[in-house]
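> Sharing structure29.pdb (PDB, C-alpha atoms) below.
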```pdb
ATOM      1  CA  CYS A   3     124.187 122.559  80.252  1.00  0.00           C
ATOM      2  CA  GLY A   4     125.599 120.015  77.843  1.00  0.00           C
ATOM      3  CA  GLY A   5     129.138 120.843  78.884  1.00  0.00           C
ATOM      4  CA  GLY A   6     128.845 124.400  77.582  1.00  0.00           C
ATOM      5  CA  ASP A   7     129.735 127.603  79.360  1.00  0.00           C
ATOM      6  CA  ALA A   8     127.505 130.228  80.942  1.00  0.00           C
ATOM      7  CA  LYS A   9     127.456 132.302  77.730  1.00  0.00           C
ATOM      8  CA  ALA A  10     125.159 129.712  76.169  1.00  0.00           C
ATOM      9  CA  LEU A  11     122.436 130.806  78.585  1.00  0.00           C
ATOM     10  CA  LEU A  12     122.405 134.220  76.944  1.00  0.00           C
ATOM     11  CA  ALA A  13     121.524 132.985  73.459  1.00  0.00           C
ATOM     12  CA  PRO A  14     118.126 131.719  72.250  1.00  0.00           C
ATOM     13  CA  GLY A  15     117.880 127.979  71.704  1.00  0.00           C
ATOM     14  CA  ALA A  16     117.441 124.659  73.454  1.00  0.00           C
ATOM     15  CA  LEU A  17     119.858 123.528  76.180  1.00  0.00           C
ATOM     16  CA  SER A  18     120.067 119.887  77.258  1.00  0.00           C
ATOM     17  CA  ASP A  19     121.685 117.880  80.056  1.00  0.00           C
ATOM     18  CA  CYS A  20     121.388 120.828  82.440  1.00  0.00           C
ATOM     19  CA  ARG A  21     122.522 120.334  86.042  1.00  0.00           C
ATOM     20  CA  ALA A  22     122.997 122.416  89.145  1.00  0.00           C
ATOM     21  CA  ARG A  23     126.321 124.269  89.346  1.00  0.00           C
ATOM     22  CA  ASP A  24     127.588 122.418  92.391  1.00  0.00           C
ATOM     23  CA  THR A  25     130.514 124.576  93.486  1.00  0.00           C
ATOM     24  CA  PRO A  26     131.079 126.175  96.905  1.00  0.00           C
ATOM     25  CA  ASP A  27     131.378 129.666  95.416  1.00  0.00           C
ATOM     26  CA  HIS A  28     127.689 129.587  94.493  1.00  0.00           C
ATOM     27  CA  LEU A  29     125.172 127.733  96.671  1.00  0.00           C
ATOM     28  CA  ARG A  30     125.876 125.023  99.193  1.00  0.00           C
ATOM     29  CA  PRO A  31     126.904 121.867  97.274  1.00  0.00           C
ATOM     30  CA  LEU A  32     124.055 119.386  96.845  1.00  0.00           C
ATOM     31  CA  ALA A  33     126.236 116.462  97.892  1.00  0.00           C
ATOM     32  CA  GLY A  34     126.436 117.795 101.450  1.00  0.00           C
ATOM     33  CA  LEU A  35     122.666 118.232 101.662  1.00  0.00           C
ATOM     34  CA  VAL A  36     122.061 114.741 100.316  1.00  0.00           C
ATOM     35  CA  ASP A  37     124.540 113.167 102.735  1.00  0.00           C
ATOM     36  CA  ALA A  38     122.979 115.016 105.671  1.00  0.00           C
ATOM     37  CA  LEU A  39     119.506 113.692 104.844  1.00  0.00           C
ATOM     38  CA  ARG A  40     120.742 110.152 104.235  1.00  0.00           C
ATOM     39  CA  ALA A  41     122.426 110.187 107.647  1.00  0.00           C
ATOM     40  CA  LEU A  42     119.039 110.660 109.305  1.00  0.00           C
ATOM     41  CA  ARG A  43     117.590 107.365 108.089  1.00  0.00           C
ATOM     42  CA  THR A  44     118.726 103.821 107.397  1.00  0.00           C
ATOM     43  CA  PRO A  45     118.814 102.732 103.731  1.00  0.00           C
ATOM     44  CA  ARG A  46     115.399 102.342 102.051  1.00  0.00           C
ATOM     45  CA  ARG A  47     113.728 104.261 104.882  1.00  0.00           C
ATOM     46  CA  LEU A  48     114.080 107.642 103.276  1.00  0.00           C
ATOM     47  CA  ALA A  49     111.828 109.058 100.585  1.00  0.00           C
ATOM     48  CA  VAL A  50     112.444 112.506  99.107  1.00  0.00           C
ATOM     49  CA  GLY A  51     109.805 114.177  96.984  1.00  0.00           C
ATOM     50  CA  VAL A  52     110.426 117.417  95.086  1.00  0.00           C
ATOM     51  CA  ILE A  53     107.707 119.349  93.276  1.00  0.00           C
ATOM     52  CA  ALA A  54     109.557 121.227  90.552  1.00  0.00           C
ATOM     53  CA  ALA A  55     109.784 121.447  86.784  1.00  0.00           C
ATOM     54  CA  ASP A  56     112.513 119.248  85.323  1.00  0.00           C
ATOM     55  CA  GLY A  57     115.580 121.357  84.596  1.00  0.00           C
ATOM     56  CA  ALA A  58     117.437 118.871  82.399  1.00  0.00           C
ATOM     57  CA  ARG A  59     116.254 120.716  79.285  1.00  0.00           C
ATOM     58  CA  ILE A  60     115.830 124.473  79.096  1.00  0.00           C
ATOM     59  CA  GLU A  61     114.415 126.455  76.187  1.00  0.00           C
ATOM     60  CA  ILE A  62     115.791 130.000  75.919  1.00  0.00           C
ATOM     61  CA  VAL A  63     113.799 132.533  73.898  1.00  0.00           C
ATOM     62  CA  ALA A  64     114.338 136.173  73.009  1.00  0.00           C
ATOM     63  CA  GLY A  65     111.909 138.697  74.420  1.00  0.00           C
ATOM     64  CA  ALA A  66     110.499 141.845  72.858  1.00  0.00           C
ATOM     65  CA  SER A  67     113.679 143.679  73.789  1.00  0.00           C
ATOM     66  CA  SER A  68     117.186 142.258  73.752  1.00  0.00           C
ATOM     67  CA  ASP A  69     116.506 140.259  76.920  1.00  0.00           C
ATOM     68  CA  VAL A  70     116.348 136.458  76.905  1.00  0.00           C
ATOM     69  CA  ALA A  71     114.418 134.198  79.259  1.00  0.00           C
ATOM     70  CA  ALA A  72     113.609 130.551  79.868  1.00  0.00           C
ATOM     71  CA  THR A  73     110.188 129.410  78.753  1.00  0.00           C
ATOM     72  CA  SER A  74     107.798 127.459  80.958  1.00  0.00           C
ATOM     73  CA  ALA A  75     108.736 123.814  81.227  1.00  0.00           C
ATOM     74  CA  CYS A  76     105.063 122.918  80.868  1.00  0.00           C
ATOM     75  CA  GLY A  77     104.798 124.182  77.312  1.00  0.00           C
ATOM     76  CA  ALA A  78     102.190 126.413  75.719  1.00  0.00           C
ATOM     77  CA  GLY A  79      98.842 126.359  77.451  1.00  0.00           C
ATOM     78  CA  GLY A  80     100.160 124.514  80.488  1.00  0.00           C
ATOM     79  CA  ALA A  81     101.084 125.648  83.977  1.00  0.00           C
ATOM     80  CA  ASP A  82     103.676 128.376  84.385  1.00  0.00           C
ATOM     81  CA  ALA A  83     106.704 126.620  85.865  1.00  0.00           C
ATOM     82  CA  LEU A  84     110.298 127.490  85.037  1.00  0.00           C
ATOM     83  CA  PRO A  85     112.856 124.676  84.726  1.00  0.00           C
ATOM     84  CA  SER A  86     114.644 123.944  88.009  1.00  0.00           C
ATOM     85  CA  PRO A  87     118.071 122.363  87.424  1.00  0.00           C
ATOM     86  CA  ARG A  88     119.086 122.495  91.089  1.00  0.00           C
ATOM     87  CA  LEU A  89     115.879 121.011  92.491  1.00  0.00           C
ATOM     88  CA  SER A  90     115.671 118.291  89.863  1.00  0.00           C
ATOM     89  CA  SER A  91     119.359 117.427  90.420  1.00  0.00           C
ATOM     90  CA  PHE A  92     118.642 117.231  94.148  1.00  0.00           C
ATOM     91  CA  ALA A  93     115.796 114.746  93.628  1.00  0.00           C
ATOM     92  CA  ARG A  94     117.843 112.586  91.263  1.00  0.00           C
ATOM     93  CA  SER A  95     120.713 112.442  93.758  1.00  0.00           C
ATOM     94  CA  PHE A  96     118.629 110.006  95.838  1.00  0.00           C
ATOM     95  CA  GLY A  97     118.237 107.507  93.012  1.00  0.00           C
ATOM     96  CA  ALA A  98     115.281 105.190  93.593  1.00  0.00           C
ATOM     97  CA  ASP A  99     114.472 106.997  96.851  1.00  0.00           C
ATOM     98  CA  GLY A 100     113.947 110.355  95.112  1.00  0.00           C
ATOM     99  CA  LEU A 101     110.856 111.503  93.250  1.00  0.00           C
ATOM    100  CA  LEU A 102     110.654 114.516  90.961  1.00  0.00           C
ATOM    101  CA  LEU A 103     106.999 115.521  90.678  1.00  0.00           C
ATOM    102  CA  SER A 104     106.224 118.057  87.981  1.00  0.00           C
ATOM    103  CA  PRO A 105     103.791 120.932  88.651  1.00  0.00           C
ATOM    104  CA  CYS A 106     102.851 120.548  84.982  1.00  0.00           C
ATOM    105  CA  ASP A 107     100.938 117.408  85.926  1.00  0.00           C
ATOM    106  CA  ASP A 108      98.264 116.615  88.485  1.00  0.00           C
ATOM    107  CA  THR A 109     100.487 117.090  91.535  1.00  0.00           C
ATOM    108  CA  PRO A 110      97.982 115.845  94.173  1.00  0.00           C
ATOM    109  CA  GLN A 111      97.444 112.695  92.118  1.00  0.00           C
ATOM    110  CA  LEU A 112     101.191 112.172  91.737  1.00  0.00           C
ATOM    111  CA  LEU A 113     101.697 112.581  95.470  1.00  0.00           C
ATOM    112  CA  ALA A 114      98.985 110.047  96.241  1.00  0.00           C
ATOM    113  CA  GLY A 115     100.191 107.541  93.684  1.00  0.00           C
ATOM    114  CA  ASN A 116     103.967 107.870  94.059  1.00  0.00           C
ATOM    115  CA  LEU A 117     105.173 109.482  97.267  1.00  0.00           C
ATOM    116  CA  ALA A 118     102.406 108.355  99.625  1.00  0.00           C
ATOM    117  CA  PRO A 119     103.124 104.610  99.221  1.00  0.00           C
ATOM    118  CA  ARG A 120     106.760 105.191 100.184  1.00  0.00           C
ATOM    119  CA  LEU A 121     105.837 107.139 103.294  1.00  0.00           C
ATOM    120  CA  LEU A 122     102.989 104.888 104.431  1.00  0.00           C
ATOM    121  CA  SER A 123     104.612 101.553 103.587  1.00  0.00           C
ATOM    122  CA  ARG A 124     108.045  99.977 103.609  1.00  0.00           C
ATOM    123  CA  CYS A 125     109.921  98.638 100.598  1.00  0.00           C
ATOM    124  CA  VAL A 126     112.038  95.540 101.164  1.00  0.00           C
ATOM    125  CA  ASP A 127     115.612  96.217 100.108  1.00  0.00           C
ATOM    126  CA  ALA A 128     116.788  92.631  99.526  1.00  0.00           C
ATOM    127  CA  PRO A 129     115.224  89.350  98.383  1.00  0.00           C
ATOM    128  CA  VAL A 130     113.168  87.903 101.244  1.00  0.00           C
ATOM    129  CA  VAL A 131     113.232  84.153 101.846  1.00  0.00           C
ATOM    130  CA  THR A 132     110.897  81.489 103.205  1.00  0.00           C
ATOM    131  CA  GLU A 133     111.885  78.323 105.044  1.00  0.00           C
ATOM    132  CA  THR A 134     112.663  76.642 101.721  1.00  0.00           C
ATOM    133  CA  GLY A 135     113.423  79.316  99.124  1.00  0.00           C
ATOM    134  CA  LEU A 136     112.634  82.737  97.701  1.00  0.00           C
ATOM    135  CA  ALA A 137     109.527  84.658  98.758  1.00  0.00           C
ATOM    136  CA  CYS A 138     107.886  86.083  95.647  1.00  0.00           C
ATOM    137  CA  ARG A 139     104.707  86.300  93.650  1.00  0.00           C
ATOM    138  CA  GLU A 140     103.856  83.872  90.892  1.00  0.00           C
ATOM    139  CA  ASP A 141     105.213  84.923  87.481  1.00  0.00           C
ATOM    140  CA  ASP A 142     107.413  87.718  88.902  1.00  0.00           C
ATOM    141  CA  GLN A 143     110.835  87.989  87.241  1.00  0.00           C
ATOM    142  CA  TYR A 144     113.567  87.712  89.873  1.00  0.00           C
ATOM    143  CA  GLY A 145     116.592  87.276  87.578  1.00  0.00           C
ATOM    144  CA  LYS A 146     117.868  88.292  84.163  1.00  0.00           C
ATOM    145  CA  ALA A 147     117.265  84.999  82.375  1.00  0.00           C
ATOM    146  CA  LYS A 148     113.853  84.410  80.822  1.00  0.00           C
ATOM    147  CA  SER A 149     113.512  81.323  82.966  1.00  0.00           C
ATOM    148  CA  ALA A 150     114.200  83.243  86.204  1.00  0.00           C
ATOM    149  CA  VAL A 151     110.514  83.541  87.054  1.00  0.00           C
ATOM    150  CA  CYS A 152     108.700  82.628  90.258  1.00  0.00           C
ATOM    151  CA  ASP A 153     106.739  79.415  89.803  1.00  0.00           C
ATOM    152  CA  ASP A 154     104.454  79.783  92.794  1.00  0.00           C
ATOM    153  CA  ARG A 155     102.981  82.236  95.300  1.00  0.00           C
ATOM    154  CA  THR A 156     105.250  82.340  98.336  1.00  0.00           C
ATOM    155  CA  LEU A 157     105.087  85.940  99.592  1.00  0.00           C
ATOM    156  CA  HIS A 158     102.816  84.854 102.451  1.00  0.00           C
ATOM    157  CA  LEU A 159     105.581  82.523 103.675  1.00  0.00           C
ATOM    158  CA  ALA A 160     108.167  85.300 104.067  1.00  0.00           C
ATOM    159  CA  ARG A 161     110.104  85.092 107.320  1.00  0.00           C
ATOM    160  CA  CYS A 162     109.472  88.545 108.749  1.00  0.00           C
ATOM    161  CA  THR A 163     108.943  90.053 112.177  1.00  0.00           C
ATOM    162  CA  VAL A 164     106.827  93.204 112.410  1.00  0.00           C
ATOM    163  CA  ARG A 165     106.391  95.351 115.509  1.00  0.00           C
ATOM    164  CA  GLU A 166     104.684  98.636 116.202  1.00  0.00           C
ATOM    165  CA  THR A 167     105.326 101.123 118.971  1.00  0.00           C
ATOM    166  CA  SER A 168     102.556 103.409 120.144  1.00  0.00           C
ATOM    167  CA  GLY A 169     101.999 105.255 123.390  1.00  0.00           C
ATOM    168  CA  GLY A 170     105.242 103.960 124.860  1.00  0.00           C
ATOM    169  CA  SER A 171     104.434 100.262 124.366  1.00  0.00           C
ATOM    170  CA  THR A 172     105.593  97.844 121.670  1.00  0.00           C
ATOM    171  CA  ARG A 173     103.730  94.819 120.333  1.00  0.00           C
ATOM    172  CA  ASP A 174     104.131  92.240 117.590  1.00  0.00           C
ATOM    173  CA  ILE A 175     101.826  92.401 114.579  1.00  0.00           C
ATOM    174  CA  ALA A 176     100.523  89.099 113.257  1.00  0.00           C
ATOM    175  CA  ARG A 177     100.802  87.921 109.661  1.00  0.00           C
ATOM    176  CA  CYS A 178      97.733  88.426 107.455  1.00  0.00           C
ATOM    177  CA  ALA A 179      95.868  85.494 105.938  1.00  0.00           C
ATOM    178  CA  PRO A 180      97.533  84.202 102.707  1.00  0.00           C
ATOM    179  CA  PRO A 181      94.898  85.566 100.244  1.00  0.00           C
ATOM    180  CA  LEU A 182      95.576  89.119 101.469  1.00  0.00           C
ATOM    181  CA  PHE A 183      99.151  88.930 100.133  1.00  0.00           C
ATOM    182  CA  TYR A 184      97.872  88.817  96.540  1.00  0.00           C
ATOM    183  CA  PRO A 185      95.162  91.487  96.282  1.00  0.00           C
ATOM    184  CA  HIS A 186      93.246  92.521  93.179  1.00  0.00           C
ATOM    185  CA  ASP A 187      92.080  96.130  92.955  1.00  0.00           C
ATOM    186  CA  ASP A 188      88.570  95.050  91.996  1.00  0.00           C
ATOM    187  CA  VAL A 189      88.120  92.720  94.977  1.00  0.00           C
ATOM    188  CA  PRO A 190      87.693  94.837  98.156  1.00  0.00           C
ATOM    189  CA  ALA A 191      87.605  91.752 100.385  1.00  0.00           C
ATOM    190  CA  GLU A 192      91.231  91.031  99.506  1.00  0.00           C
ATOM    191  CA  ASN A 193      92.241  94.251 101.295  1.00  0.00           C
ATOM    192  CA  ASP A 194      90.044  93.724 104.363  1.00  0.00           C
ATOM    193  CA  CYS A 195      91.699  92.060 107.350  1.00  0.00           C
ATOM    194  CA  GLY A 196      88.417  91.769 109.262  1.00  0.00           C
ATOM    195  CA  ALA A 197      88.779  90.210 112.708  1.00  0.00           C
ATOM    196  CA  ASP A 198      92.530  89.709 112.132  1.00  0.00           C
ATOM    197  CA  CYS A 199      93.331  93.446 112.132  1.00  0.00           C
ATOM    198  CA  PRO A 200      95.929  94.701 112.461  1.00  0.00           C
ATOM    199  CA  CYS A 201      98.064  92.345 110.402  1.00  0.00           C
ATOM    200  CA  TRP A 202     100.980  92.671 108.004  1.00  0.00           C
ATOM    201  CA  ARG A 203     101.496  91.513 104.444  1.00  0.00           C
ATOM    202  CA  LEU A 204     103.962  91.877 101.575  1.00  0.00           C
ATOM    203  CA  VAL A 205     102.454  93.124  98.321  1.00  0.00           C
ATOM    204  CA  ARG A 206     103.840  93.879  94.882  1.00  0.00           C
ATOM    205  CA  ASP A 207     104.410  97.582  94.167  1.00  0.00           C
ATOM    206  CA  SER A 208     106.763  98.156  91.253  1.00  0.00           C
ATOM    207  CA  VAL A 209     106.043 101.925  91.298  1.00  0.00           C
ATOM    208  CA  ALA A 210     107.185 102.687  94.847  1.00  0.00           C
ATOM    209  CA  CYS A 211     109.707  99.843  95.150  1.00  0.00           C
ATOM    210  CA  GLY A 212     112.156  98.028  92.966  1.00  0.00           C
ATOM    211  CA  GLY A 213     115.043 100.479  92.612  1.00  0.00           C
ATOM    212  CA  VAL A 214     116.587 101.639  89.347  1.00  0.00           C
ATOM    213  CA  GLY A 215     116.328  98.943  86.670  1.00  0.00           C
ATOM    214  CA  GLY A 216     114.737  96.485  89.087  1.00  0.00           C
ATOM    215  CA  SER A 217     117.790  96.369  91.377  1.00  0.00           C
ATOM    216  CA  ALA A 218     115.636  95.651  94.447  1.00  0.00           C
ATOM    217  CA  PRO A 219     112.531  93.510  94.997  1.00  0.00           C
ATOM    218  CA  PRO A 220     109.246  95.146  93.890  1.00  0.00           C
ATOM    219  CA  TYR A 221     107.605  94.394  97.222  1.00  0.00           C
ATOM    220  CA  ARG A 222     106.599  96.480 100.184  1.00  0.00           C
ATOM    221  CA  LEU A 223     105.356  95.731 103.642  1.00  0.00           C
ATOM    222  CA  GLU A 224     101.907  96.994 104.478  1.00  0.00           C
ATOM    223  CA  VAL A 225      99.991  96.932 107.747  1.00  0.00           C
ATOM    224  CA  LEU A 226      96.254  96.476 107.325  1.00  0.00           C
ATOM    225  CA  ARG A 227      94.030  98.022 109.973  1.00  0.00           C
ATOM    226  CA  ALA A 228      90.358  98.407 110.771  1.00  0.00           C
ATOM    227  CA  GLY A 229      90.886 102.172 111.098  1.00  0.00           C
ATOM    228  CA  GLU A 230      93.656 104.752 111.367  1.00  0.00           C
ATOM    229  CA  ALA A 231      96.771 104.046 113.403  1.00  0.00           C
ATOM    230  CA  PRO A 232      97.114 106.195 116.547  1.00  0.00           C
ATOM    231  CA  ALA A 233      99.143 109.353 116.027  1.00  0.00           C
ATOM    232  CA  GLY A 234     102.839 108.754 116.524  1.00  0.00           C
ATOM    233  CA  THR A 235     102.697 105.020 115.766  1.00  0.00           C
ATOM    234  CA  VAL A 236     106.002 103.660 114.470  1.00  0.00           C
ATOM    235  CA  VAL A 237     106.232 100.351 112.604  1.00  0.00           C
ATOM    236  CA  ASP A 238     109.533  98.467 112.367  1.00  0.00           C
ATOM    237  CA  PHE A 239     110.148  95.218 110.542  1.00  0.00           C
ATOM    238  CA  SER A 240     112.942  92.834 109.713  1.00  0.00           C
ATOM    239  CA  CYS A 241     112.963  89.926 107.277  1.00  0.00           C
ATOM    240  CA  ARG A 242     115.281  87.007 106.664  1.00  0.00           C
ATOM    241  CA  HIS A 243     116.838  87.727 103.288  1.00  0.00           C
ATOM    242  CA  ALA A 244     119.101  86.166 100.708  1.00  0.00           C
ATOM    243  CA  THR A 245     122.727  87.188 100.414  1.00  0.00           C
ATOM    244  CA  ARG A 246     122.375  87.308  96.636  1.00  0.00           C
ATOM    245  CA  PRO A 247     120.843  90.483  95.151  1.00  0.00           C
ATOM    246  CA  TRP A 248     117.565  90.775  93.304  1.00  0.00           C
ATOM    247  CA  GLY A 249     118.300  90.147  89.630  1.00  0.00           C
ATOM    248  CA  ASP A 250     120.628  87.198  90.311  1.00  0.00           C
ATOM    249  CA  ASP A 251     119.452  84.061  88.505  1.00  0.00           C
ATOM    250  CA  ALA A 252     120.765  81.946  91.396  1.00  0.00           C
ATOM    251  CA  LEU A 253     117.850  83.105  93.538  1.00  0.00           C
ATOM    252  CA  GLY A 254     115.880  80.277  91.965  1.00  0.00           C
ATOM    253  CA  ASP A 255     118.188  77.719  93.586  1.00  0.00           C
ATOM    254  CA  ALA A 256     117.229  77.268  97.240  1.00  0.00           C
ATOM    255  CA  SER A 257     120.644  75.782  97.989  1.00  0.00           C
ATOM    256  CA  GLN A 258     122.419  78.976  96.923  1.00  0.00           C
ATOM    257  CA  ILE A 259     120.337  81.942  97.988  1.00  0.00           C
ATOM    258  CA  CYS A 260     121.618  81.962 101.554  1.00  0.00           C
ATOM    259  CA  GLN A 261     125.224  80.979 100.807  1.00  0.00           C
TER
END
```
Would you mind writing the file out in structure tokens?

Amino acid sequence: CGGGDAKALLAPGALSDCRARDTPDHLRPLAGLVDALRALRTPRRLAVGVIAADGARIEIVAGASSDVAATSACGAGGADALPSPRLSSFARSFGADGLLLSPCDDTPQLLAGNLAPRLLSRCVDAPVVTETGLACREDDQYGKAKSAVCDDRTLHLARCTVRETSGGSTRDIARCAPPLFYPHDDVPAENDCGADCPCWRLVRDSVACGGVGGSAPPYRLEVLRAGEAPAGTVVDFSCRHATRPWGDDALGDASQICQ
């Protein structure tokens, strides 16, 4: 913790910047575990959720005897959860693909609002293009300059191919109607594909997608259905994308984004 030695853990006080002791003479190094999991999936198709108290800061208190112990990370009156430096370090090792969910909070709600979208939908990992330029939502910031803002709604024009495999057969999924690409939470009809089900769309989701500091587009692919997908259904998609990264002001220039 904080570059100090192990003796600091034996004295009352607050410890900051705590991390897992990642040496072979203790537990298996986290780097090997992270690499093994990443090898199982292609980039942006792996989501890791850890339910554990953040171990970056640990409060050590003296007990009734001479013993010392860490206090609950949830504070007085909260849940009883000790700080977990190793588990929180593990989650952070995955960057934007890792989620550290605290048991001090409403864990089921966090799972539904944070991890579930990553598992049920697909984030796009590079700027997607249309026939004539960048696919984005009106007023979304795609670059660093104040002027690097999307002028129009073009997500529904994204050049993507979506297929699903179920029961040994594969089929293409059609594109949803344009209004479904720009849903409002208070308009149920904008999430109903009706007779066009199933169909795919790209929607804005800055919570599940976007990377650290907005390093990836805040969009995810979603398949709308009339009911539940059959068990074992696998959805794959590919999109034509720009060679310039999200955050590059040149994305606003159609002549440059595919150079």
> Nearest to Ala244 of chain A: which of A:Asp174, A:Glu192, A:Glu230, A:Glu133 is it, counting only C-alpha atoms?
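Result for the nearest residue to Ala244 of chain A: A:Glu133.
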> Just the residues within 8 Å of Ala93 of chain A, please, counting all atoms listed in the file, with nothing from its chain fewer than 2 positions along; format it as a list in words.
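What passes the distance filter is Val50, Gly51, Val52, Leu89, Ser90, Ser91, Ser95, Phe96, Gly97, Gly100, Leu101 and Leu102 of chain A.
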> Figure out the distance between atom CA of Leu204 of chain A and atom CA of Pro185 of chain A, please, to one decimal in Å.
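According to the coordinates, atom CA of Pro185 of chain A and atom CA of Leu204 of chain A are separated by 10.3 Å.
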> Which value, in Å to one decimal, gives the distance between atom CA of Tyr144 of chain A and atom CA of Ser240 of chain A?
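Pair atom CA of Tyr144 of chain A / atom CA of Ser240 of chain A returns 20.5 Å.
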> Take the point (117.8, 83.8, 99.3) in the file's coordinates, draw a sphere of radius 12 Å around it, and report as an NGL selection string every protein, DNA or RNA residue with an atom inside or on it, counting all atoms listed in the file.
:A and (128-138 or 144 or 160-161 or 219 or 241-261)
> Apply the PyMOL selection byres ((chain A and resi 155) around 12) to the file shown and report the selected residues as a VMD selection string.
chain A and resid 132 135 to 142 151 to 154 156 to 160 180 to 184 204 to 206
> Go ahead and write the selection's residues with C-alpha atoms as a PDB file, in the frame of the given file.

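What ended up in selection16.pdb:
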```
ATOM      1  CA  THR A 132     110.897  81.489 103.205  1.00  0.00           C
ATOM      2  CA  GLY A 135     113.423  79.316  99.124  1.00  0.00           C
ATOM      3  CA  LEU A 136     112.634  82.737  97.701  1.00  0.00           C
ATOM      4  CA  ALA A 137     109.527  84.658  98.758  1.00  0.00           C
ATOM      5  CA  CYS A 138     107.886  86.083  95.647  1.00  0.00           C
ATOM      6  CA  ARG A 139     104.707  86.300  93.650  1.00  0.00           C
ATOM      7  CA  GLU A 140     103.856  83.872  90.892  1.00  0.00           C
ATOM      8  CA  ASP A 141     105.213  84.923  87.481  1.00  0.00           C
ATOM      9  CA  ASP A 142     107.413  87.718  88.902  1.00  0.00           C
ATOM     10  CA  VAL A 151     110.514  83.541  87.054  1.00  0.00           C
ATOM     11  CA  CYS A 152     108.700  82.628  90.258  1.00  0.00           C
ATOM     12  CA  ASP A 153     106.739  79.415  89.803  1.00  0.00           C
ATOM     13  CA  ASP A 154     104.454  79.783  92.794  1.00  0.00           C
ATOM     14  CA  THR A 156     105.250  82.340  98.336  1.00  0.00           C
ATOM     15  CA  LEU A 157     105.087  85.940  99.592  1.00  0.00           C
ATOM     16  CA  HIS A 158     102.816  84.854 102.451  1.00  0.00           C
ATOM     17  CA  LEU A 159     105.581  82.523 103.675  1.00  0.00           C
ATOM     18  CA  ALA A 160     108.167  85.300 104.067  1.00  0.00           C
ATOM     19  CA  PRO A 180      97.533  84.202 102.707  1.00  0.00           C
ATOM     20  CA  PRO A 181      94.898  85.566 100.244  1.00  0.00           C
ATOM     21  CA  LEU A 182      95.576  89.119 101.469  1.00  0.00           C
ATOM     22  CA  PHE A 183      99.151  88.930 100.133  1.00  0.00           C
ATOM     23  CA  TYR A 184      97.872  88.817  96.540  1.00  0.00           C
ATOM     24  CA  LEU A 204     103.962  91.877 101.575  1.00  0.00           C
ATOM     25  CA  VAL A 205     102.454  93.124  98.321  1.00  0.00           C
ATOM     26  CA  ARG A 206     103.840  93.879  94.882  1.00  0.00           C
TER      27      ARG A 206
END
```
> So, with all atoms listed in the file as the atoms that count, which of A:Ser168, A:Leu29, A:Gly196, A:Cys211 lies closest to Ala49 of chain A?
A:Cys211
> Please compute the atom CA of Gln143 of chain A-atom CA of Cys125 of chain A distance, one decimal, in Å.
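Computing it gives 17.1 Å between the two atoms.
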> Please write as a PyMOL selection string the list of polymer residues whose atoms come within 9 Å of (103.7, 98.1, 97.2), counting all atoms listed in the file and keeping to the coordinates of the file.
chain A and resi 119-120+123-125+204-211+220-224
> Build an axis-aligned box that encloses every atom of segment 223-226 of chain A listed in the file, pad it by 6 Å on each side, and report its centre and edge lengths in Å to one decimal, as JSON.

```
{"center_x": 100.8, "center_y": 96.4, "center_z": 105.7, "size_x": 21.1, "size_y": 13.3, "size_z": 16.1}
```
